[in-house]
Structure formats: structure tokens, C-alpha cells
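Below is the file target30.txt, which contains compact mmCIF, C-alpha atoms.
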```txt
# COMPACT_ATOMS: atom_id res chain seq x y z
CA ALA A 2 -3.44 5.27 -2.71
CA GLN A 3 -2.85 3.23 -5.82
CA SER A 4 0.66 2.92 -7.20
CA VAL A 5 2.72 0.78 -9.57
CA THR A 6 6.30 -0.46 -9.37
CA GLN A 7 8.30 -1.40 -12.42
CA LEU A 8 11.19 -3.74 -11.77
CA GLY A 9 14.17 -3.10 -13.98
CA SER A 10 14.81 0.33 -15.40
CA HIS A 11 16.69 -1.21 -18.36
CA VAL A 12 15.97 -4.49 -20.12
CA SER A 13 17.96 -5.80 -23.07
CA VAL A 14 16.86 -8.69 -25.26
CA SER A 15 17.97 -10.16 -28.54
CA GLU A 16 15.81 -9.82 -31.61
CA GLY A 17 13.39 -12.74 -31.67
CA ALA A 18 13.63 -13.37 -27.93
CA LEU A 19 10.84 -13.13 -25.39
CA VAL A 20 10.12 -9.70 -23.96
CA LEU A 21 9.07 -9.57 -20.29
CA LEU A 22 8.58 -6.22 -18.57
CA ARG A 23 7.49 -6.36 -14.95
CA CYS A 24 4.87 -4.28 -13.19
CA ASN A 25 3.40 -4.75 -9.73
CA TYR A 26 0.54 -2.70 -8.41
CA SER A 27 -0.61 -1.60 -5.03
CA SER A 28 -4.32 -1.02 -4.74
CA SER A 29 -6.99 -1.43 -2.13
CA VAL A 30 -9.68 -1.77 -4.78
CA PRO A 31 -9.78 -3.57 -8.15
CA PRO A 32 -7.41 -1.50 -10.24
CA TYR A 33 -7.55 -0.19 -13.77
CA LEU A 34 -4.11 -0.84 -15.23
CA PHE A 35 -2.41 0.31 -18.41
CA TRP A 36 0.78 -0.09 -20.38
CA TYR A 37 2.04 2.79 -22.50
CA VAL A 38 4.98 2.96 -24.89
CA GLN A 39 7.06 6.03 -25.66
CA TYR A 40 9.29 6.02 -28.71
CA PRO A 41 12.19 8.47 -28.82
CA ASN A 42 11.07 12.09 -29.08
CA GLN A 43 7.39 11.15 -29.15
CA GLY A 44 4.40 11.22 -26.84
CA LEU A 45 2.87 8.18 -25.16
CA GLN A 46 0.84 5.55 -26.97
CA LEU A 47 -1.56 3.19 -25.21
CA LEU A 48 -0.50 -0.44 -25.67
CA LEU A 49 -3.22 -2.16 -23.68
CA LYS A 50 -5.48 -1.80 -20.66
CA TYR A 51 -7.04 -3.95 -17.95
CA THR A 52 -10.47 -2.83 -16.81
CA SER A 53 -11.61 -5.87 -14.79
CA ALA A 54 -12.83 -7.94 -17.72
CA ALA A 55 -10.58 -10.72 -19.08
CA THR A 56 -7.38 -11.22 -17.09
CA LEU A 57 -5.30 -11.79 -20.24
CA VAL A 58 -5.29 -8.59 -22.22
CA LYS A 59 -4.06 -8.35 -25.78
CA GLY A 60 -2.75 -5.08 -27.10
CA ILE A 61 -1.21 -3.60 -30.18
CA ASN A 62 2.05 -4.66 -31.83
CA GLY A 63 1.80 -8.23 -30.49
CA PHE A 64 2.02 -7.29 -26.82
CA GLU A 65 -0.12 -8.79 -24.09
CA ALA A 66 -0.34 -8.62 -20.31
CA GLU A 67 -1.87 -10.84 -17.68
CA PHE A 68 -3.55 -9.51 -14.56
CA LYS A 69 -2.70 -11.73 -11.59
CA LYS A 70 -4.47 -10.67 -8.44
CA SER A 71 -2.66 -13.24 -6.27
CA GLU A 72 0.68 -11.73 -7.30
CA THR A 73 -0.57 -8.12 -7.66
CA SER A 74 1.16 -8.12 -11.04
CA PHE A 75 0.46 -6.96 -14.57
CA HIS A 76 3.56 -7.97 -16.52
CA LEU A 77 3.90 -7.10 -20.20
CA THR A 78 5.08 -9.76 -22.63
CA LYS A 79 5.76 -10.28 -26.29
CA PRO A 80 6.83 -13.68 -27.65
CA SER A 81 9.36 -12.38 -30.16
CA ALA A 82 11.10 -9.02 -29.94
CA HIS A 83 11.55 -6.84 -32.98
CA MET A 84 14.04 -4.05 -33.42
CA SER A 85 11.15 -1.60 -33.66
CA ASP A 86 10.10 -2.49 -30.09
CA ALA A 87 13.02 -0.54 -28.67
CA ALA A 88 11.38 2.18 -26.58
CA GLU A 89 10.45 3.23 -23.05
CA TYR A 90 7.53 1.35 -21.51
CA PHE A 91 5.41 2.71 -18.68
CA CYS A 92 2.97 0.86 -16.47
CA ALA A 93 0.20 3.02 -15.02
CA VAL A 94 -2.79 2.76 -12.71
CA ILE A 95 -5.84 4.92 -12.21
CA GLY A 96 -5.01 6.67 -8.98
CA GLY A 97 -8.44 6.71 -7.51
CA GLY A 98 -10.34 9.55 -6.01
CA ALA A 99 -12.58 11.95 -7.82
CA THR A 100 -10.18 12.87 -10.59
CA ASN A 101 -9.33 9.40 -11.97
CA LYS A 102 -5.77 10.52 -12.56
CA LEU A 103 -3.15 8.20 -14.06
CA ILE A 104 -0.20 7.34 -11.84
CA PHE A 105 2.88 6.13 -13.68
CA GLY A 106 5.67 3.76 -12.81
CA THR A 107 9.27 4.77 -13.29
CA GLY A 108 9.49 3.21 -16.73
CA THR A 109 11.54 0.46 -18.35
CA LEU A 110 13.81 1.17 -21.28
CA LEU A 111 13.80 -1.79 -23.65
CA ALA A 112 16.80 -2.32 -25.89
CA VAL A 113 16.67 -4.90 -28.67
CA GLN A 114 19.99 -6.28 -29.87
CA PRO A 115 20.39 -7.61 -33.40
CA SER B 27 -10.13 7.30 -28.69
CA ALA B 28 -9.58 11.03 -28.67
CA VAL B 29 -6.89 12.65 -30.81
CA ILE B 30 -4.90 15.44 -29.20
CA SER B 31 -3.11 18.29 -30.92
CA GLN B 32 -0.51 19.93 -28.69
CA LYS B 33 1.54 22.98 -29.57
CA PRO B 34 4.16 24.18 -29.70
CA SER B 35 6.08 20.96 -30.18
CA ARG B 36 9.26 22.55 -28.89
CA ASP B 37 10.58 25.91 -27.81
CA ILE B 38 13.70 27.56 -26.47
CA CYS B 39 12.91 30.34 -24.01
CA GLN B 40 14.81 32.90 -22.01
CA ARG B 41 14.77 32.61 -18.24
CA GLY B 42 12.24 34.85 -16.57
CA THR B 43 9.75 34.63 -19.45
CA SER B 44 6.55 32.58 -19.73
CA LEU B 45 5.35 30.02 -22.26
CA THR B 46 1.77 28.92 -22.89
CA ILE B 47 1.17 25.41 -24.21
CA GLN B 48 -2.10 24.57 -25.92
CA CYS B 49 -3.94 21.26 -26.01
CA GLN B 50 -6.84 20.71 -28.42
CA VAL B 51 -8.89 17.49 -28.36
CA ASP B 52 -10.96 16.38 -31.34
CA SER B 53 -13.92 15.36 -29.16
CA GLN B 54 -15.43 16.31 -25.82
CA VAL B 55 -13.69 14.59 -22.92
CA THR B 56 -14.40 14.56 -19.24
CA MET B 57 -10.81 14.53 -18.01
CA MET B 58 -7.77 16.54 -19.04
CA PHE B 59 -4.39 16.48 -17.33
CA TRP B 60 -0.98 18.08 -17.60
CA TYR B 61 2.21 16.13 -16.95
CA ARG B 62 5.89 16.97 -16.79
CA GLN B 63 8.59 14.55 -17.89
CA GLN B 64 12.08 15.57 -16.90
CA PRO B 65 14.98 14.18 -18.94
CA GLY B 66 15.29 10.42 -18.53
CA GLN B 67 12.46 10.23 -16.03
CA SER B 68 8.86 9.15 -15.77
CA LEU B 69 5.78 11.34 -15.96
CA THR B 70 4.78 13.47 -13.01
CA LEU B 71 1.26 14.83 -12.83
CA ILE B 72 1.16 18.61 -12.53
CA ALA B 73 -2.59 19.13 -12.31
CA THR B 74 -6.04 18.11 -13.40
CA ALA B 75 -7.62 20.71 -15.67
CA ASN B 76 -11.22 21.22 -14.57
CA GLN B 77 -13.73 22.63 -17.00
CA GLY B 78 -15.08 25.93 -15.78
CA SER B 79 -13.24 25.95 -12.47
CA GLU B 80 -9.75 26.15 -11.00
CA ALA B 81 -7.36 23.31 -11.73
CA THR B 82 -6.49 20.75 -9.06
CA TYR B 83 -2.76 20.81 -8.44
CA GLU B 84 -0.56 18.00 -7.18
CA SER B 85 1.82 18.40 -4.31
CA GLY B 86 4.79 20.50 -5.33
CA PHE B 87 3.00 22.41 -8.08
CA VAL B 88 1.30 25.77 -7.60
CA ILE B 89 -1.05 27.89 -9.64
CA ASP B 90 1.24 30.92 -9.73
CA LYS B 91 3.94 28.89 -11.46
CA PHE B 92 1.70 26.73 -13.66
CA PRO B 93 -1.60 28.50 -14.34
CA ILE B 94 -4.03 26.29 -16.25
CA SER B 95 -7.16 27.13 -18.14
CA ARG B 96 -9.91 24.87 -19.45
CA PRO B 97 -12.69 26.95 -20.96
CA ASN B 98 -14.56 23.99 -22.50
CA LEU B 99 -14.51 20.20 -22.85
CA THR B 100 -12.04 20.14 -25.76
CA PHE B 101 -9.35 22.71 -24.94
CA SER B 102 -6.84 23.49 -22.23
CA THR B 103 -3.70 25.57 -21.78
CA LEU B 104 -0.76 25.30 -19.42
CA THR B 105 1.48 28.28 -18.80
CA VAL B 106 4.97 27.85 -17.40
CA SER B 107 5.68 31.17 -15.69
CA ASN B 108 8.89 32.97 -14.78
CA MET B 109 10.92 30.14 -16.23
CA SER B 110 14.29 28.95 -15.01
CA PRO B 111 16.60 26.28 -16.48
CA GLU B 112 15.10 23.78 -14.01
CA ASP B 113 11.83 24.04 -15.94
CA SER B 114 13.45 22.45 -18.99
CA SER B 115 11.33 19.37 -19.54
CA ILE B 116 8.77 17.75 -21.77
CA TYR B 117 5.24 18.84 -20.94
CA LEU B 118 2.42 16.54 -22.00
CA CYS B 119 -1.30 16.97 -22.19
CA SER B 120 -3.56 13.97 -21.62
CA ALA B 121 -7.29 13.53 -22.10
CA GLY B 122 -9.93 10.86 -21.92
CA THR B 123 -12.64 9.24 -19.89
CA GLY B 124 -10.70 7.59 -17.11
CA ASN B 125 -11.35 3.91 -16.91
CA TYR B 126 -10.81 3.34 -20.60
CA GLY B 127 -7.38 4.90 -20.80
CA TYR B 128 -6.10 8.29 -21.69
CA THR B 129 -4.65 9.66 -24.90
CA PHE B 130 -1.55 11.82 -24.86
CA GLY B 131 -0.39 14.68 -26.97
CA SER B 132 3.00 14.50 -28.64
CA GLY B 133 4.50 16.76 -26.00
CA THR B 134 6.19 20.13 -25.81
CA ARG B 135 9.96 20.04 -25.44
CA LEU B 136 10.93 23.12 -23.50
CA THR B 137 14.49 24.35 -23.09
CA VAL B 138 15.11 27.35 -20.85
CA VAL B 139 18.39 29.20 -21.37
```
Output the file's structure in the form of C-alpha cells.
Amino acid sequence: AQSVTQLGSHVSVSEGALVLLRCNYSSSVPPYLFWYVQYPNQGLQLLLKYTSAATLVKGINGFEAEFKKSETSFHLTKPSAHMSDAAEYFCAVIGGGATNKLIFGTGTLLAVQP
Amino acid sequence: SAVISQKPSRDICQRGTSLTIQCQVDSQVTMMFWYRQQPGQSLTLIATANQGSEATYESGFVIDKFPISRPNLTFSTLTVSNMSPEDSSIYLCSAGTGNYGYTFGSGTRLTVV
């Protein structure tokens, strides 16, 4: 069964610094991968998705992620962090089977220091 | 992508009672799901809401505790039955067409006292 692992439950960066949030997947077939963001007391918002087209995927708010099959990774990056990026970030994969359910990683809480 | 309206946004309920959460999508979707997010944790899938048939529950979740309805392609409800404080969580509805990503409702913050 497909799954994702997020390394680092908490990441802290300075404003203007590079953001790197790690996600590795486990899948026996080409996966569909997603990054979601959850701001405090809100639902989830889709940041970007990989659906087997271009390996470098650009999303909203300046985020991007690169699908690397050799490393089974789909890390999320942003060149310059902004205070408004502080949130919880979830990597997810389509779990396979008939229902196409989304399976989530454990999440990474991003703090941005002034 | 689909827009989801979920209500109530929050509620405080007495133990032993039930709460029904509604999820309305602004367009027909093939897939609808219900998730639970316990404080400080990730999302756990409760069940897939199937249109016109019984929901498909994940391990650890049962229909008697979390009955789900999906009468059409735009609407679903989740009931949390015979609640206890351990049911205090955020419950989220999700909908979409699978490979292209799912949209989430804003969640229902449930506190059981």
C-alpha cells in the first residue's frame, strides 16, 4: 500500500531563508502526490500536486516540489520564507485501490522567525 | 476545483449525545471522504462516502459509531454517535476526482464535555 513519510515534525527558519520540507513516498506504482497546507484553525488547502507529468511542480504562494523517483522523494521548497508561511504542511499520496483515498503523512509544522 | 461548505463549524456537545455534520459541494464529484484530525495530529481517514450505498469504513471505525449518508453526488453527512470526550476532534469533509487532488471543507471542531 502507498504511504508517505515526512521527516521532521517541526522546522524553523528565518524570514527570507530557504524552506525545505521533506517527504518520501512508498509506492509500488507511479504515485500521485500532493502537498497541503493548514493554517491555524482552518481546513486544508492544496499547494501543489504531482500527477506524472513534469517532475518539477510549481504551486501556489511560491512553493514548488520536485518528484525524484530515484530517491522516492517529493520535497517541498520555497526560496524565501515569509512570516505568512507559518503553518502545518502535509504530504499526501493517493492510496490506491478502488476508492482513490488520500493517505497523509504526519505533518510538519513550519515556524518562521523574524 | 470544487468548493465545499461544511457545517457546523464548531460545537460543544454533551457526552452520550450525537452530532450530525453536513458537507455540501458546489458541483458533482465522484469521491467524498470523511477525516478526523485529533489535536496536534495528522488526518486519519474515517470512511469513503459512497453515493447510493453504504460507506466504506477504515480499520478502527464502525458504522454504528460513525453513520454516513450520501444521497447524491454533492452532499454527505457524518454523524458522531453516543459521544465521549475521546471524540473531541476536528472532522473534515473532502471531495474531488482523485488523481487531480481533493478539496477540503473548513472542518468541524467538536468538543465533548
Quick one, how far is atom CA of A:Val12 from atom CA of A:Val94? 21.4 Å
Please identify every residue of chain A that has at least one atom no more than 12 Å from any atom of chain B, counting all atoms listed in the file, and report them as a ChimeraX atom specification. /A:6-7,10-11,31-54,89-110
Print the selection's residues with C-alpha atoms to a file, as a PDB file, in the frame of the given file.
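Output file again-v7.pdb follows:
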```
ATOM      1  CA  THR A   6       6.300  -0.460  -9.370  1.00  0.00           C
ATOM      2  CA  GLN A   7       8.300  -1.400 -12.420  1.00  0.00           C
ATOM      3  CA  SER A  10      14.810   0.330 -15.400  1.00  0.00           C
ATOM      4  CA  HIS A  11      16.690  -1.210 -18.360  1.00  0.00           C
ATOM      5  CA  PRO A  31      -9.780  -3.570  -8.150  1.00  0.00           C
ATOM      6  CA  PRO A  32      -7.410  -1.500 -10.240  1.00  0.00           C
ATOM      7  CA  TYR A  33      -7.550  -0.190 -13.770  1.00  0.00           C
ATOM      8  CA  LEU A  34      -4.110  -0.840 -15.230  1.00  0.00           C
ATOM      9  CA  PHE A  35      -2.410   0.310 -18.410  1.00  0.00           C
ATOM     10  CA  TRP A  36       0.780  -0.090 -20.380  1.00  0.00           C
ATOM     11  CA  TYR A  37       2.040   2.790 -22.500  1.00  0.00           C
ATOM     12  CA  VAL A  38       4.980   2.960 -24.890  1.00  0.00           C
ATOM     13  CA  GLN A  39       7.060   6.030 -25.660  1.00  0.00           C
ATOM     14  CA  TYR A  40       9.290   6.020 -28.710  1.00  0.00           C
ATOM     15  CA  PRO A  41      12.190   8.470 -28.820  1.00  0.00           C
ATOM     16  CA  ASN A  42      11.070  12.090 -29.080  1.00  0.00           C
ATOM     17  CA  GLN A  43       7.390  11.150 -29.150  1.00  0.00           C
ATOM     18  CA  GLY A  44       4.400  11.220 -26.840  1.00  0.00           C
ATOM     19  CA  LEU A  45       2.870   8.180 -25.160  1.00  0.00           C
ATOM     20  CA  GLN A  46       0.840   5.550 -26.970  1.00  0.00           C
ATOM     21  CA  LEU A  47      -1.560   3.190 -25.210  1.00  0.00           C
ATOM     22  CA  LEU A  48      -0.500  -0.440 -25.670  1.00  0.00           C
ATOM     23  CA  LEU A  49      -3.220  -2.160 -23.680  1.00  0.00           C
ATOM     24  CA  LYS A  50      -5.480  -1.800 -20.660  1.00  0.00           C
ATOM     25  CA  TYR A  51      -7.040  -3.950 -17.950  1.00  0.00           C
ATOM     26  CA  THR A  52     -10.470  -2.830 -16.810  1.00  0.00           C
ATOM     27  CA  SER A  53     -11.610  -5.870 -14.790  1.00  0.00           C
ATOM     28  CA  ALA A  54     -12.830  -7.940 -17.720  1.00  0.00           C
ATOM     29  CA  GLU A  89      10.450   3.230 -23.050  1.00  0.00           C
ATOM     30  CA  TYR A  90       7.530   1.350 -21.510  1.00  0.00           C
ATOM     31  CA  PHE A  91       5.410   2.710 -18.680  1.00  0.00           C
ATOM     32  CA  CYS A  92       2.970   0.860 -16.470  1.00  0.00           C
ATOM     33  CA  ALA A  93       0.200   3.020 -15.020  1.00  0.00           C
ATOM     34  CA  VAL A  94      -2.790   2.760 -12.710  1.00  0.00           C
ATOM     35  CA  ILE A  95      -5.840   4.920 -12.210  1.00  0.00           C
ATOM     36  CA  GLY A  96      -5.010   6.670  -8.980  1.00  0.00           C
ATOM     37  CA  GLY A  97      -8.440   6.710  -7.510  1.00  0.00           C
ATOM     38  CA  GLY A  98     -10.340   9.550  -6.010  1.00  0.00           C
ATOM     39  CA  ALA A  99     -12.580  11.950  -7.820  1.00  0.00           C
ATOM     40  CA  THR A 100     -10.180  12.870 -10.590  1.00  0.00           C
ATOM     41  CA  ASN A 101      -9.330   9.400 -11.970  1.00  0.00           C
ATOM     42  CA  LYS A 102      -5.770  10.520 -12.560  1.00  0.00           C
ATOM     43  CA  LEU A 103      -3.150   8.200 -14.060  1.00  0.00           C
ATOM     44  CA  ILE A 104      -0.200   7.340 -11.840  1.00  0.00           C
ATOM     45  CA  PHE A 105       2.880   6.130 -13.680  1.00  0.00           C
ATOM     46  CA  GLY A 106       5.670   3.760 -12.810  1.00  0.00           C
ATOM     47  CA  THR A 107       9.270   4.770 -13.290  1.00  0.00           C
ATOM     48  CA  GLY A 108       9.490   3.210 -16.730  1.00  0.00           C
ATOM     49  CA  THR A 109      11.540   0.460 -18.350  1.00  0.00           C
ATOM     50  CA  LEU A 110      13.810   1.170 -21.280  1.00  0.00           C
TER      51      LEU A 110
END
```
For the atom pair atom CA of A:Ser81 and atom CA of A:Ala112, what is the interatomic distance in Å to one decimal place? 13.2 Å
Provide the atom CA of B:Asn108 to atom CA of B:Gln40 distance in Å, to one decimal place.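 Those two atoms sit 9.3 Å apart.
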Can you find the residues with an atom no farther than 10 Å from (4.9, 32.8, -20.1), counting only C-alpha atoms, and report them as number ranges by chain? B: 39, 42-47, 91-93, 104-109
Test item: residues at most 7 Å from B:Thr137, only C-alpha atoms, excluding those fewer than 2 positions along its chain, as a PyMOL selection string: chain B and resi 37-39+114-115+135+139
Select, from B:Pro65, B:Pro97, B:Gly122, B:Gly78, the residue with the minimum atom-to-atom distance to B:Asp52, counting only C-alpha atoms.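 Residue with the minimum atom-to-atom distance to B:Asp52: B:Gly122.
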Which of B:Pro111, B:Trp60, B:Val55, B:Ser85 sits closest to B:Gln32 [using only C-alpha atoms]: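 Result for the nearest residue to B:Gln32: B:Trp60.
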Do a neighbour search on stretch 113-115 of chain A at 9 Å with only C-alpha atoms, toss out local chain neighbours closer than 2 positions, and write the hits as a PyMOL selection string. chain A and resi 12-17+82-87+111
C-alpha atoms of the current selection, written as a compact mmCIF listing (two decimals), in the frame of the given file:
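Now in result-v8.txt:
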```txt
# COMPACT_ATOMS: atom_id res chain seq x y z
CA VAL A 12 15.97 -4.49 -20.12
CA SER A 13 17.96 -5.80 -23.07
CA VAL A 14 16.86 -8.69 -25.26
CA SER A 15 17.97 -10.16 -28.54
CA GLU A 16 15.81 -9.82 -31.61
CA GLY A 17 13.39 -12.74 -31.67
CA ALA A 82 11.10 -9.02 -29.94
CA HIS A 83 11.55 -6.84 -32.98
CA MET A 84 14.04 -4.05 -33.42
CA SER A 85 11.15 -1.60 -33.66
CA ASP A 86 10.10 -2.49 -30.09
CA ALA A 87 13.02 -0.54 -28.67
CA LEU A 111 13.80 -1.79 -23.65
```
